[in-house]
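Source file: my_file.txt (compact mmCIF, C-alpha atoms)
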# COMPACT_ATOMS: atom_id res chain seq x y z
CA MET A 12 55.38 39.57 13.50
CA ALA A 13 54.39 39.93 17.16
CA ASP A 14 57.48 40.40 19.35
CA ASN A 15 56.26 38.12 22.11
CA ILE A 16 55.09 35.28 19.86
CA ASN A 17 57.40 33.27 17.61
CA THR A 18 55.21 32.28 14.69
CA HIS A 19 57.93 30.04 13.28
CA ALA A 20 57.96 28.08 16.55
CA ILE A 21 54.17 27.74 16.41
CA VAL A 22 54.36 26.27 12.92
CA TYR A 23 57.23 24.00 13.91
CA ASP A 24 55.22 22.59 16.82
CA MET A 25 52.24 22.02 14.53
CA LEU A 26 54.35 20.22 11.93
CA MET A 27 55.94 18.06 14.62
CA SER A 28 52.47 17.10 15.83
CA VAL A 29 51.65 15.91 12.31
CA GLU A 30 55.05 14.19 11.98
CA LYS A 31 55.00 12.33 15.31
CA GLU A 32 51.31 11.90 16.11
CA ASN A 33 49.64 12.01 12.67
CA THR A 34 47.32 14.76 13.91
CA PRO A 35 44.87 15.70 11.12
CA SER A 36 46.27 18.91 9.67
CA HIS A 37 42.95 20.67 9.01
CA LEU A 38 41.83 20.15 12.61
CA LEU A 39 45.21 21.21 13.98
CA LEU A 40 45.21 24.39 11.90
CA SER A 41 41.66 25.26 12.95
CA GLN A 42 42.49 24.73 16.63
CA THR A 43 45.68 26.78 16.38
CA LEU A 44 44.01 29.73 14.66
CA MET A 45 41.30 29.73 17.30
CA LYS A 46 43.94 29.63 20.07
CA TYR A 47 45.77 32.60 18.56
CA GLN A 48 42.78 34.70 17.55
CA TYR A 49 44.38 37.67 19.30
CA LEU A 50 47.31 37.73 16.89
CA ASP A 51 47.48 40.20 14.05
CA LYS A 52 45.74 38.95 10.90
CA ARG A 53 49.08 38.91 9.06
CA ASP A 54 50.62 36.66 11.70
CA ARG A 55 47.71 34.25 11.49
CA ALA A 56 47.93 34.26 7.70
CA PHE A 57 51.66 33.51 7.95
CA ILE A 58 51.03 30.58 10.30
CA SER A 59 48.37 29.20 7.99
CA ARG A 60 50.39 29.53 4.80
CA LEU A 61 53.66 28.19 6.17
CA PHE A 62 51.98 25.21 7.85
CA ARG A 63 49.77 24.26 4.93
CA GLY A 64 52.42 25.01 2.32
CA THR A 65 55.06 22.88 4.02
CA LEU A 66 52.68 19.92 4.12
CA GLU A 67 51.38 20.45 0.59
CA TYR A 68 54.88 20.63 -0.89
CA GLU A 69 56.52 18.05 1.42
CA ILE A 70 57.48 15.60 -1.33
CA PHE A 71 58.94 18.41 -3.46
CA LEU A 72 60.77 19.90 -0.46
CA ASP A 73 62.26 16.52 0.42
CA GLY A 74 63.41 16.17 -3.17
CA VAL A 75 65.22 19.51 -2.95
CA ILE A 76 66.78 18.69 0.42
CA ARG A 77 68.10 15.40 -0.98
CA GLN A 78 69.90 17.31 -3.72
CA PHE A 79 71.71 19.67 -1.34
CA SER A 80 72.22 17.70 1.88
CA SER A 81 75.35 15.71 2.60
CA VAL A 82 73.26 13.52 4.93
CA ARG A 83 70.68 11.13 3.49
CA LEU A 84 67.13 12.28 4.15
CA ASN A 85 66.17 9.16 6.11
CA LYS A 86 69.14 9.77 8.42
CA ILE A 87 68.12 13.33 9.31
CA LYS A 88 66.44 13.64 12.71
CA PRO A 89 62.69 14.44 12.46
CA PRO A 90 63.00 17.85 14.20
CA ILE A 91 65.76 18.93 11.79
CA LYS A 92 63.83 17.54 8.83
CA VAL A 93 60.81 19.64 9.83
CA ILE A 94 62.93 22.78 10.27
CA LEU A 95 64.55 22.24 6.87
CA ARG A 96 61.21 21.65 5.12
CA MET A 97 59.53 24.76 6.52
CA SER A 98 62.61 26.86 5.77
CA VAL A 99 63.06 25.58 2.21
CA TYR A 100 59.38 26.33 1.62
CA GLN A 101 59.97 29.93 2.69
CA ILE A 102 63.05 30.24 0.48
CA LEU A 103 61.42 28.77 -2.64
CA LYS A 104 57.72 29.59 -2.28
CA MET A 105 57.37 32.73 -0.13
CA ASP A 106 58.97 35.51 -2.17
CA HIS A 107 58.24 38.25 0.37
CA ILE A 108 60.53 36.62 2.97
CA PRO A 109 64.28 37.28 2.44
CA ASP A 110 66.30 34.09 2.16
CA ALA A 111 68.70 35.28 4.87
CA ALA A 112 65.79 35.79 7.28
CA ALA A 113 64.51 32.26 6.63
CA CYS A 114 67.99 30.84 7.27
CA ASP A 115 68.47 32.86 10.45
CA GLU A 116 65.08 31.83 11.85
CA ALA A 117 65.88 28.18 11.12
CA VAL A 118 69.19 28.40 12.99
CA LYS A 119 67.53 30.11 15.97
CA LEU A 120 64.78 27.49 16.04
CA THR A 121 67.33 24.68 15.89
CA ARG A 122 69.14 26.12 18.90
CA LYS A 123 65.94 26.77 20.85
CA ARG A 124 65.00 23.13 20.43
CA GLY A 125 68.27 22.06 22.02
CA LEU A 126 69.96 20.97 18.80
CA ASN A 127 72.87 23.45 18.84
CA ASN A 128 75.30 20.93 17.36
CA LEU A 129 73.14 20.71 14.21
CA SER A 130 72.67 24.44 13.64
CA GLY A 131 75.69 24.57 11.32
CA PHE A 132 74.31 21.72 9.22
CA VAL A 133 70.92 23.47 8.94
CA ASN A 134 72.56 26.76 8.02
CA GLY A 135 74.79 25.12 5.42
CA VAL A 136 72.00 23.23 3.66
CA LEU A 137 69.69 26.25 3.53
CA ARG A 138 72.32 28.71 2.30
CA ASN A 139 73.40 26.19 -0.34
CA ILE A 140 69.80 25.95 -1.60
CA SER A 141 69.40 29.72 -1.47
CA ARG A 142 72.50 30.23 -3.64
CA ASN A 143 71.63 27.48 -6.13
CA LYS A 144 67.89 27.74 -6.79
CA GLU A 145 68.44 27.50 -10.53
CA ALA A 146 70.30 24.21 -10.09
CA ILE A 147 67.30 22.37 -8.66
CA HIS A 148 66.47 19.60 -11.10
CA TYR A 149 63.44 17.37 -11.71
CA PRO A 150 63.26 13.81 -13.04
CA ASP A 151 62.88 13.55 -16.81
CA PRO A 152 59.14 13.68 -17.64
CA GLU A 153 59.70 11.58 -20.78
CA LYS A 154 61.76 8.80 -19.17
CA THR A 155 60.20 8.77 -15.69
CA PRO A 156 56.83 10.56 -15.90
CA ALA A 157 55.58 9.39 -12.50
CA ALA A 158 58.78 10.50 -10.76
CA TYR A 159 58.51 13.89 -12.48
CA ILE A 160 54.85 14.33 -11.46
CA SER A 161 55.72 13.23 -7.94
CA MET A 162 58.36 15.89 -7.37
CA ARG A 163 56.87 18.65 -9.52
CA TYR A 164 53.41 18.47 -7.93
CA SER A 165 54.32 16.84 -4.62
CA VAL A 166 52.25 13.70 -5.19
CA PRO A 167 53.26 10.20 -3.99
CA GLU A 168 54.95 8.45 -6.90
CA TRP A 169 52.72 5.36 -6.72
CA LEU A 170 49.67 7.63 -6.92
CA ALA A 171 51.14 9.50 -9.88
CA LYS A 172 51.58 6.13 -11.65
CA MET A 173 47.98 5.16 -10.90
CA TRP A 174 46.56 8.44 -12.15
CA ILE A 175 48.76 8.49 -15.28
CA ARG A 176 47.49 4.98 -16.07
CA ASP A 177 43.84 5.96 -15.51
CA TYR A 178 43.74 9.58 -16.73
CA GLY A 179 46.93 10.24 -18.70
CA PHE A 180 49.96 12.43 -18.01
CA GLU A 181 48.42 15.80 -18.85
CA MET A 182 45.32 15.31 -16.71
CA THR A 183 47.43 14.02 -13.82
CA ALA A 184 49.58 17.16 -14.05
CA GLU A 185 46.45 19.32 -14.02
CA MET A 186 45.15 17.53 -10.93
CA GLY A 187 48.50 17.91 -9.23
CA GLN A 188 48.60 21.64 -9.90
CA ALA A 189 44.96 22.10 -8.83
CA MET A 190 45.73 20.59 -5.44
CA LEU A 191 48.62 23.02 -4.96
CA ASP A 192 46.59 26.08 -5.96
CA ASP A 193 44.87 28.12 -3.27
CA GLN A 194 41.75 26.22 -2.24
CA LYS A 195 38.57 28.24 -2.45
CA THR A 196 36.13 28.39 0.44
CA THR A 197 32.76 27.42 -1.02
CA VAL A 198 29.48 27.92 0.78
CA ARG A 199 25.90 27.02 0.01
CA VAL A 200 23.21 29.66 0.42
CA ARG A 201 20.46 27.66 2.05
CA ASP A 202 17.50 29.59 0.67
CA SER A 203 17.84 30.99 -2.84
CA GLN A 204 15.27 33.67 -2.03
CA ASN A 205 17.78 35.09 0.46
CA MET A 206 20.64 35.19 -2.05
CA ALA A 207 20.66 38.99 -2.53
CA ALA A 208 20.48 39.69 1.20
CA VAL A 209 23.20 37.15 1.96
CA LYS A 210 25.53 38.63 -0.65
CA GLU A 211 24.94 42.12 0.73
CA ALA A 212 25.66 40.92 4.28
CA LEU A 213 28.88 39.22 3.17
CA ARG A 214 30.08 42.29 1.27
CA SER A 215 29.27 44.52 4.25
CA GLU A 216 31.72 42.44 6.29
CA GLY A 217 34.44 42.95 3.66
CA LEU A 218 34.31 39.51 2.05
CA ASN A 219 34.97 38.94 -1.63
CA ILE A 220 32.33 36.89 -3.46
CA GLU A 221 32.44 34.86 -6.64
CA GLU A 222 29.59 32.91 -8.15
CA GLY A 223 29.82 29.12 -8.10
CA CYS A 224 30.74 27.24 -11.26
CA MET A 225 27.96 24.65 -11.32
CA LEU A 226 25.10 25.51 -8.99
CA PRO A 227 23.29 28.82 -8.40
CA GLU A 228 23.27 28.33 -4.61
CA ALA A 229 27.09 28.13 -4.45
CA LEU A 230 29.38 31.05 -3.63
CA HIS A 231 33.17 31.22 -3.37
CA LEU A 232 34.37 33.40 -0.48
CA SER A 233 37.67 35.05 0.36
CA GLY A 234 38.89 37.96 2.45
CA TYR A 235 37.70 36.68 5.82
CA ASP A 236 39.69 35.69 8.88
CA TYR A 237 37.53 33.01 10.53
CA LEU A 238 34.37 31.66 8.91
CA GLY A 239 32.68 31.09 12.27
CA ASN A 240 32.69 34.85 12.84
CA VAL A 241 31.04 35.65 9.49
CA GLY A 242 27.47 36.78 10.14
CA PRO A 243 25.55 34.72 7.53
CA PHE A 244 27.45 31.60 8.62
CA ALA A 245 26.95 32.19 12.34
CA ASP A 246 23.20 32.77 11.87
CA GLY A 247 22.82 29.70 9.65
CA ARG A 248 21.99 31.32 6.32
CA ILE A 249 25.03 29.75 4.66
CA THR A 250 26.92 26.53 5.30
CA ALA A 251 30.36 25.44 4.17
CA GLN A 252 30.20 22.83 1.44
CA ASP A 253 32.22 22.20 -1.69
CA GLU A 254 30.27 22.52 -4.89
CA SER A 255 31.06 18.98 -6.06
CA ALA A 256 29.69 17.66 -2.75
CA MET A 257 26.51 19.69 -3.27
CA LEU A 258 25.89 17.67 -6.42
CA ALA A 259 25.24 14.54 -4.35
CA ALA A 260 22.00 15.93 -2.89
CA VAL A 261 21.07 17.46 -6.24
CA ALA A 262 21.61 14.09 -7.94
CA ALA A 263 19.19 12.44 -5.51
CA GLY A 264 16.21 14.17 -7.15
CA ILE A 265 14.48 14.78 -3.83
CA ALA A 266 10.71 15.36 -3.75
CA ASP A 267 8.63 16.93 -0.97
CA GLY A 268 7.78 14.68 1.94
CA GLU A 269 10.34 11.96 1.24
CA SER A 270 12.07 9.89 3.89
CA ILE A 271 15.86 9.95 3.64
CA ILE A 272 18.61 8.04 5.47
CA ASP A 273 22.14 9.48 5.37
CA VAL A 274 24.25 6.59 6.61
CA CYS A 275 27.67 8.29 7.11
CA ALA A 276 26.50 11.83 7.62
CA ALA A 277 29.06 13.72 9.75
CA PRO A 278 29.55 16.66 9.78
CA GLY A 279 26.11 16.89 8.21
CA GLY A 280 26.55 18.94 5.04
CA LYS A 281 24.60 16.62 2.77
CA SER A 282 21.93 15.94 5.41
CA MET A 283 21.31 19.67 5.79
CA HIS A 284 21.30 20.17 2.03
CA MET A 285 18.70 17.44 1.58
CA ALA A 286 16.61 18.83 4.44
CA ASP A 287 16.69 22.27 2.82
CA ILE A 288 15.52 20.79 -0.48
CA LEU A 289 12.63 19.18 1.44
CA LYS A 290 11.67 22.69 2.68
CA GLY A 291 10.60 21.48 6.09
CA SER A 292 8.69 18.43 4.84
CA GLY A 293 9.74 14.79 5.10
CA GLN A 294 12.54 13.60 7.36
CA VAL A 295 16.30 13.07 7.14
CA SER A 296 17.88 10.53 9.47
CA ALA A 297 21.53 11.60 9.79
CA ARG A 298 23.70 8.82 11.21
CA ASP A 299 27.30 8.19 12.05
CA LEU A 300 29.52 5.84 13.99
CA THR A 301 30.48 7.79 17.12
CA GLU A 302 29.07 10.29 19.60
CA ALA A 303 31.76 12.78 18.59
CA LYS A 304 30.70 12.65 14.93
CA VAL A 305 27.02 12.94 15.79
CA LEU A 306 27.83 15.92 18.00
CA LYS A 307 29.30 17.66 14.94
CA ILE A 308 26.04 17.07 13.09
CA GLN A 309 24.02 18.38 16.04
CA GLU A 310 26.16 21.52 16.24
CA ASN A 311 25.41 22.27 12.60
CA LEU A 312 21.72 21.53 13.06
CA LYS A 313 21.59 23.94 16.00
CA ARG A 314 23.27 26.66 13.95
CA THR A 315 20.94 26.20 10.99
CA GLY A 316 17.75 25.58 12.99
CA LEU A 317 16.67 22.63 10.84
CA LYS A 318 13.84 20.62 12.38
CA ASN A 319 13.36 17.84 9.82
CA VAL A 320 16.71 16.20 10.58
CA SER A 321 17.46 13.76 13.39
CA ALA A 322 21.03 12.89 14.33
CA GLU A 323 21.86 9.57 15.96
CA VAL A 324 24.67 7.11 16.53
CA LYS A 325 24.22 4.14 14.20
CA ASP A 326 26.89 1.92 12.67
CA ALA A 327 26.55 1.68 8.89
CA LEU A 328 27.88 -1.90 9.06
CA VAL A 329 25.02 -2.98 11.34
CA PHE A 330 21.64 -3.85 9.82
CA TYR A 331 18.69 -2.28 11.64
CA PRO A 332 15.58 -4.33 10.73
CA GLU A 333 13.21 -1.52 11.67
CA ASP A 334 14.65 0.53 8.78
CA ALA A 335 14.22 -2.14 6.10
CA GLN A 336 12.73 -0.64 2.92
CA LYS A 337 11.68 2.53 4.77
CA ALA A 338 13.70 5.12 2.84
CA ASP A 339 12.79 6.83 -0.41
CA ILE A 340 16.46 7.79 -0.64
CA VAL A 341 19.61 6.43 0.98
CA MET A 342 22.63 8.72 0.84
CA ALA A 343 25.74 6.52 1.02
CA ASP A 344 28.59 9.02 1.03
CA LEU A 345 31.09 6.52 2.35
CA PRO A 346 34.52 6.57 4.04
CA CYS A 347 37.19 6.75 1.36
CA SER A 348 40.84 7.55 0.71
CA GLY A 349 40.05 11.26 0.25
CA LEU A 350 42.27 11.70 -2.81
CA GLY A 351 39.86 14.32 -4.14
CA VAL A 352 40.39 16.61 -1.15
CA MET A 353 44.19 16.35 -0.78
CA GLY A 354 44.36 20.03 -1.70
CA ARG A 355 42.57 20.79 1.59
CA LYS A 356 43.99 17.94 3.66
CA ALA A 357 47.61 17.63 2.61
CA ASP A 358 48.45 15.04 5.25
CA ILE A 359 46.46 12.54 3.16
CA LYS A 360 49.51 12.48 0.87
CA ARG A 361 51.63 11.04 3.67
CA SER A 362 49.04 8.59 5.02
CA VAL A 363 47.34 7.05 1.99
CA THR A 364 48.72 3.82 0.51
CA PRO A 365 47.58 1.34 -2.17
CA GLU A 366 46.80 -1.11 0.63
CA LYS A 367 44.54 1.43 2.34
CA ILE A 368 42.65 2.02 -0.89
CA THR A 369 42.08 -1.72 -1.26
CA ALA A 370 40.87 -1.97 2.34
CA LEU A 371 38.56 1.04 1.96
CA ALA A 372 37.07 -0.33 -1.25
CA ALA A 373 36.26 -3.53 0.64
CA LEU A 374 34.74 -1.55 3.54
CA GLN A 375 32.56 0.38 1.10
CA ARG A 376 31.23 -2.89 -0.31
CA GLU A 377 30.42 -4.12 3.19
CA ILE A 378 28.49 -0.95 3.96
CA LEU A 379 26.64 -0.98 0.65
CA SER A 380 25.65 -4.60 1.29
CA VAL A 381 23.92 -3.48 4.49
CA VAL A 382 22.43 -0.10 3.68
CA GLN A 383 20.86 -1.17 0.37
CA HIS A 384 18.23 -2.96 2.50
CA TYR A 385 16.88 0.41 3.64
CA VAL A 386 15.78 1.55 0.17
CA LYS A 387 12.12 1.14 -0.72
CA PRO A 388 11.24 -0.73 -3.93
CA GLY A 389 11.55 1.95 -6.59
CA GLY A 390 13.65 4.12 -4.28
CA VAL A 391 17.06 5.71 -4.90
CA LEU A 392 20.52 5.06 -3.50
CA ILE A 393 23.25 7.62 -4.05
CA TYR A 394 26.77 6.22 -3.76
CA SER A 395 29.40 8.92 -3.45
CA THR A 396 32.99 9.46 -2.33
CA CYS A 397 35.43 12.37 -2.22
CA THR A 398 38.15 10.39 -3.96
CA VAL A 399 39.66 9.71 -7.39
CA SER A 400 40.24 5.97 -7.40
CA LYS A 401 38.63 3.51 -9.77
CA ALA A 402 38.75 0.75 -7.13
CA GLU A 403 36.61 2.86 -4.79
CA ASN A 404 34.44 4.42 -7.47
CA GLU A 405 33.74 2.85 -10.87
CA GLU A 406 34.67 -0.69 -9.80
CA ASN A 407 32.48 -0.55 -6.70
CA MET A 408 29.67 0.98 -8.74
CA GLN A 409 29.81 -1.95 -11.16
CA TRP A 410 30.07 -4.47 -8.32
CA PHE A 411 26.99 -3.03 -6.59
CA GLU A 412 24.88 -3.15 -9.75
CA GLU A 413 25.91 -6.76 -10.35
CA HIS A 414 25.08 -7.97 -6.83
CA PHE A 415 21.88 -6.15 -5.82
CA PRO A 416 18.48 -5.34 -7.37
CA PHE A 417 19.52 -1.84 -8.43
CA GLY A 418 20.19 -0.26 -11.79
CA LEU A 419 22.12 2.87 -12.66
CA GLU A 420 19.85 5.75 -13.65
CA SER A 421 20.81 8.80 -15.71
CA LEU A 422 21.88 11.91 -13.81
CA ASP A 423 21.04 14.22 -16.69
CA ALA A 424 17.61 15.18 -15.34
CA TYR A 425 19.20 16.43 -12.11
CA VAL A 426 22.71 17.80 -12.63
CA PRO A 427 23.59 21.09 -14.38
CA GLU A 428 23.89 20.97 -18.15
CA LYS A 429 27.56 21.98 -18.11
CA VAL A 430 28.61 18.74 -16.33
CA ARG A 431 26.54 16.37 -18.45
CA ASN A 432 28.39 13.85 -20.60
CA GLU A 433 28.23 10.22 -21.61
CA HIS A 434 28.96 9.18 -18.02
CA THR A 435 26.18 11.24 -16.43
CA LYS A 436 23.81 9.81 -19.02
CA ALA A 437 24.88 6.35 -17.82
CA GLY A 438 24.26 7.32 -14.18
CA TRP A 439 27.57 8.51 -12.71
CA ILE A 440 30.05 11.35 -12.61
CA GLN A 441 33.71 11.65 -11.63
CA ILE A 442 34.77 15.22 -10.97
CA LEU A 443 38.56 15.53 -10.88
CA PRO A 444 40.38 17.95 -8.55
CA GLY A 445 40.24 21.43 -10.02
CA GLN A 446 37.42 20.74 -12.47
CA TYR A 447 34.72 23.40 -12.02
CA GLN A 448 36.97 24.89 -9.29
CA SER A 449 35.90 21.98 -7.07
CA ASP A 450 37.28 19.06 -5.12
CA GLY A 451 37.49 15.60 -6.64
CA PHE A 452 34.20 13.78 -6.14
CA PHE A 453 32.34 10.71 -7.42
CA ILE A 454 28.57 10.17 -7.57
CA ALA A 455 26.50 7.24 -8.85
CA ARG A 456 22.70 7.19 -8.84
CA PHE A 457 20.95 3.82 -8.44
CA ARG A 458 17.23 3.00 -8.65
CA ARG A 459 15.97 -0.05 -6.76
CA SER A 460 13.90 -2.52 -8.71
CA ARG A 461 10.18 -2.45 -7.94
CA ASP A 462 10.11 -6.22 -8.38
CA GLU A 463 10.44 -7.66 -4.87
CA GLY A 464 11.27 -11.04 -6.33
CA ALA A 465 14.55 -9.63 -7.67
CA GLU A 466 16.25 -9.73 -4.28
Encoding of this model in structure tokens:
Amino acid sequence: MADNINTHAIVYDMLMSVEKENTPSHLLLSQTLMKYQYLDKRDRAFISRLFRGTLEYEIFLDGVIRQFSSVRLNKIKPPIKVILRMSVYQILKMDHIPDAAACDEAVKLTRKRGLNNLSGFVNGVLRNISRNKEAIHYPDPEKTPAAYISMRYSVPEWLAKMWIRDYGFEMTAEMGQAMLDDQKTTVRVRDSQNMAAVKEALRSEGLNIEEGCMLPEALHLSGYDYLGNVGPFADGRITAQDESAMLAAVAAGIADGESIIDVCAAPGGKSMHMADILKGSGQVSARDLTEAKVLKIQENLKRTGLKNVSAEVKDALVFYPEDAQKADIVMADLPCSGLGVMGRKADIKRSVTPEKITALAALQREILSVVQHYVKPGGVLIYSTCTVSKAENEENMQWFEEHFPFGLESLDAYVPEKVRNEHTKAGWIQILPGQYQSDGFFIARFRRSRDEGAE
């Protein structure tokens, strides 16, 4: 580690920002790594792993601390709680760090933060855990399956109950493990004719490449420090996008010259994908709620050089009469609870609640009620989310079909053969976290009735 920079203190400050201010962890990590670009690659990797790991395993870490602390968890001061979590993570999950070093760094950090009187408590708890790793116990998976899943895979217990009810114990365990596994960076090669050249460019920069699991344009990358500095990304030949999210544009069945409205488009991944499929023809109207979100879209458009996409501030809850029945395709990738991407955004685990899911499902229905007006008779609406919640997905899909002149249409003509099943034949797909090495994602394809009298 660099002598003049305390990487543990950096991680502590980041975790406190999440704890006190609910700062989105993925944005905070990106900003921190950019700030400390001058650090050795190993130091940056340490910051990234300790920060992300502590958040990803927070529920598990709290469960361990409860077992070895003489003070109840809810009585421990937030700064001490954060120091304990990040230190227990090092002791239990980072084998290359000696336990004694993790304990010593925790004590030093406690003192540097003006909490000298609690340094003995921190030292005692951590050394007790270090000496008794084999004594850590989990709830009984037979008697209390949700409690077991919750601690073993660091998932909120209410969510474990919901998933066990909907998908069964084994599948819930698989999802939990998938979200703890290292998350792959997936990119889309924008022009398949450039695939060989792009691969060669990536390898020349020392990156490792794996083929995607579902789509030929997808690549999994590793071995890089900062994606923005990778040549094919900087020059716009590739763009970051999870493979399950790529399926949304594929499922739309886009034809040359079509008019497309993407109603919640930021940061623009699906808009760019659809524009690439159009090969310079047609037009994609990429919209979002705020100037800041539209700026993100514009930054990506500038990098990729796409000309058949316009980015503008438009509220998806507001009906714009000039857009009525103008779109061949409406992409409604709507705000959701994000349960499918918890492996990348671990702070979702601490912010999502059953009440929020209910509220988001209602918001999605409000948006769908508005944006369905933009689809031409005979046109297509794609409803998608990056979550795993029947209230937001299957139930809203059924509600939409019951209330508007749209019918579900089979996905089998559009999606890869390996993902086809009875659900895709019926017009929808739920990818669970880890399936096809992808994030959790839901897609439903609707066709608007050509009978104007139906509305």
Exercise for the section: Could you give me, as an MDAnalysis selection string, the residues within 12 Å of Arg142 of chain A, counting only C-alpha atoms and dropping anything in the same chain fewer than 3 positions from it? Expected result: chainID A and resid 79 102:103 110:111 114 135:139 145:147
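Counting all atoms listed in the file, the residue from A:Asn407, A:Gln78, A:Ser59, A:Thr315 that sits nearest to Gly279 of chain A is A:Thr315.
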Exercise for the section: List every protein, DNA or RNA residue with an atom no more than 7 Å from (17.5, 15.8, -1.4) in the file's coordinates, counting only C-alpha atoms, and format the result as an MDAnalysis selection string. Expected result: chainID A and resid 260:261 263:265 284:286 288:289
Keeping only C-alpha atoms, write the selected residues to a file as a PDB file, in the frame of the given file.
ATOM      1  CA  ALA A 260      22.000  15.930  -2.890  1.00  0.00           C
ATOM      2  CA  VAL A 261      21.070  17.460  -6.240  1.00  0.00           C
ATOM      3  CA  ALA A 263      19.190  12.440  -5.510  1.00  0.00           C
ATOM      4  CA  GLY A 264      16.210  14.170  -7.150  1.00  0.00           C
ATOM      5  CA  ILE A 265      14.480  14.780  -3.830  1.00  0.00           C
ATOM      6  CA  HIS A 284      21.300  20.170   2.030  1.00  0.00           C
ATOM      7  CA  MET A 285      18.700  17.440   1.580  1.00  0.00           C
ATOM      8  CA  ALA A 286      16.610  18.830   4.440  1.00  0.00           C
ATOM      9  CA  ILE A 288      15.520  20.790  -0.480  1.00  0.00           C
ATOM     10  CA  LEU A 289      12.630  19.180   1.440  1.00  0.00           C
TER      11      LEU A 289
END
Handout entry: Computed interatomic separation between atom CA of Thr197 of chain A and atom CA of Ala56 of chain A (Å)
Key = 18.8 Å
Exercise for the section: Using only C-alpha atoms, find the one residue out of A:Ile108, A:Ala297, A:Leu374, A:Leu258 that sits nearest to Glu228 of chain A. Expected result: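 Between A:Ile108, A:Ala297, A:Leu374, A:Leu258, the residue approaching Glu228 of chain A most closely is A:Leu258.
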Exercise for the section: Counting all atoms listed in the file, find the residues whose atoms lie at most 9 Å from (26.1, 15.6, 3.5) (file coordinates) and write them out as a list of chain:residue names. Expected result: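 I get A:Gln252, A:Ala256, A:Met257, A:Ala259, A:Ala260, A:Asp273, A:Cys275, A:Ala276, A:Ala277, A:Pro278, A:Gly279, A:Gly280, A:Lys281, A:Ser282, A:Met283, A:His284, A:Met285, A:Ala297, A:Met342, A:Asp344 for the residues within 9 Å of that point.
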Residue selection dump (C-alpha atoms) as a CSV table (one decimal), in the coordinates of the input:
chain,number,residue,atom,x,y,z
A,252,GLN,CA,30.2,22.8,1.4
A,256,ALA,CA,29.7,17.7,-2.8
A,257,MET,CA,26.5,19.7,-3.3
A,259,ALA,CA,25.2,14.5,-4.4
A,260,ALA,CA,22.0,15.9,-2.9
A,273,ASP,CA,22.1,9.5,5.4
A,275,CYS,CA,27.7,8.3,7.1
A,276,ALA,CA,26.5,11.8,7.6
A,277,ALA,CA,29.1,13.7,9.8
A,278,PRO,CA,29.6,16.7,9.8
A,279,GLY,CA,26.1,16.9,8.2
A,280,GLY,CA,26.6,18.9,5.0
A,281,LYS,CA,24.6,16.6,2.8
A,282,SER,CA,21.9,15.9,5.4
A,283,MET,CA,21.3,19.7,5.8
A,284,HIS,CA,21.3,20.2,2.0
A,285,MET,CA,18.7,17.4,1.6
A,297,ALA,CA,21.5,11.6,9.8
A,342,MET,CA,22.6,8.7,0.8
A,344,ASP,CA,28.6,9.0,1.0
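Nearest residue to Val305 of chain A, choosing from A:Met173, A:Ala322, A:Ala212, A:Leu422 and counting only C-alpha atoms: A:Ala322.
Comparing A:His37, A:His19, A:Lys31, A:Arg361 by their smallest distance to Leu61 of chain A, the closest is A:His19 (using only C-alpha atoms).
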Handout entry: Spatial neighbours of segment 241-243 of chain A, 12 Å, all atoms listed in the file, chain gap at least 2 places, as a ChimeraX atom specification
Key = /A:198-202,205-218,232-239,245-251,314-315
Problem - Residue among A:Ala343, A:Leu350, A:Lys318, A:Val363 lying closest to Arg376 of chain A, counting all atoms listed in the file - result: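 Selected residue with least distance to Arg376 of chain A: A:Ala343.
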Problem - Selection: 10 Å around Gly64 of chain A, only C-alpha atoms, excl. self and same-chain fewer than 3 positions, as a list in words - result: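 Listed by chain and then number, they are Ile58, Ser59, Arg60, Leu61, Glu67, Tyr68, Glu69, Arg96, Met97, Tyr100, Gln101, Lys104, Met105, Leu191, Asp193 and Ala357 of chain A.
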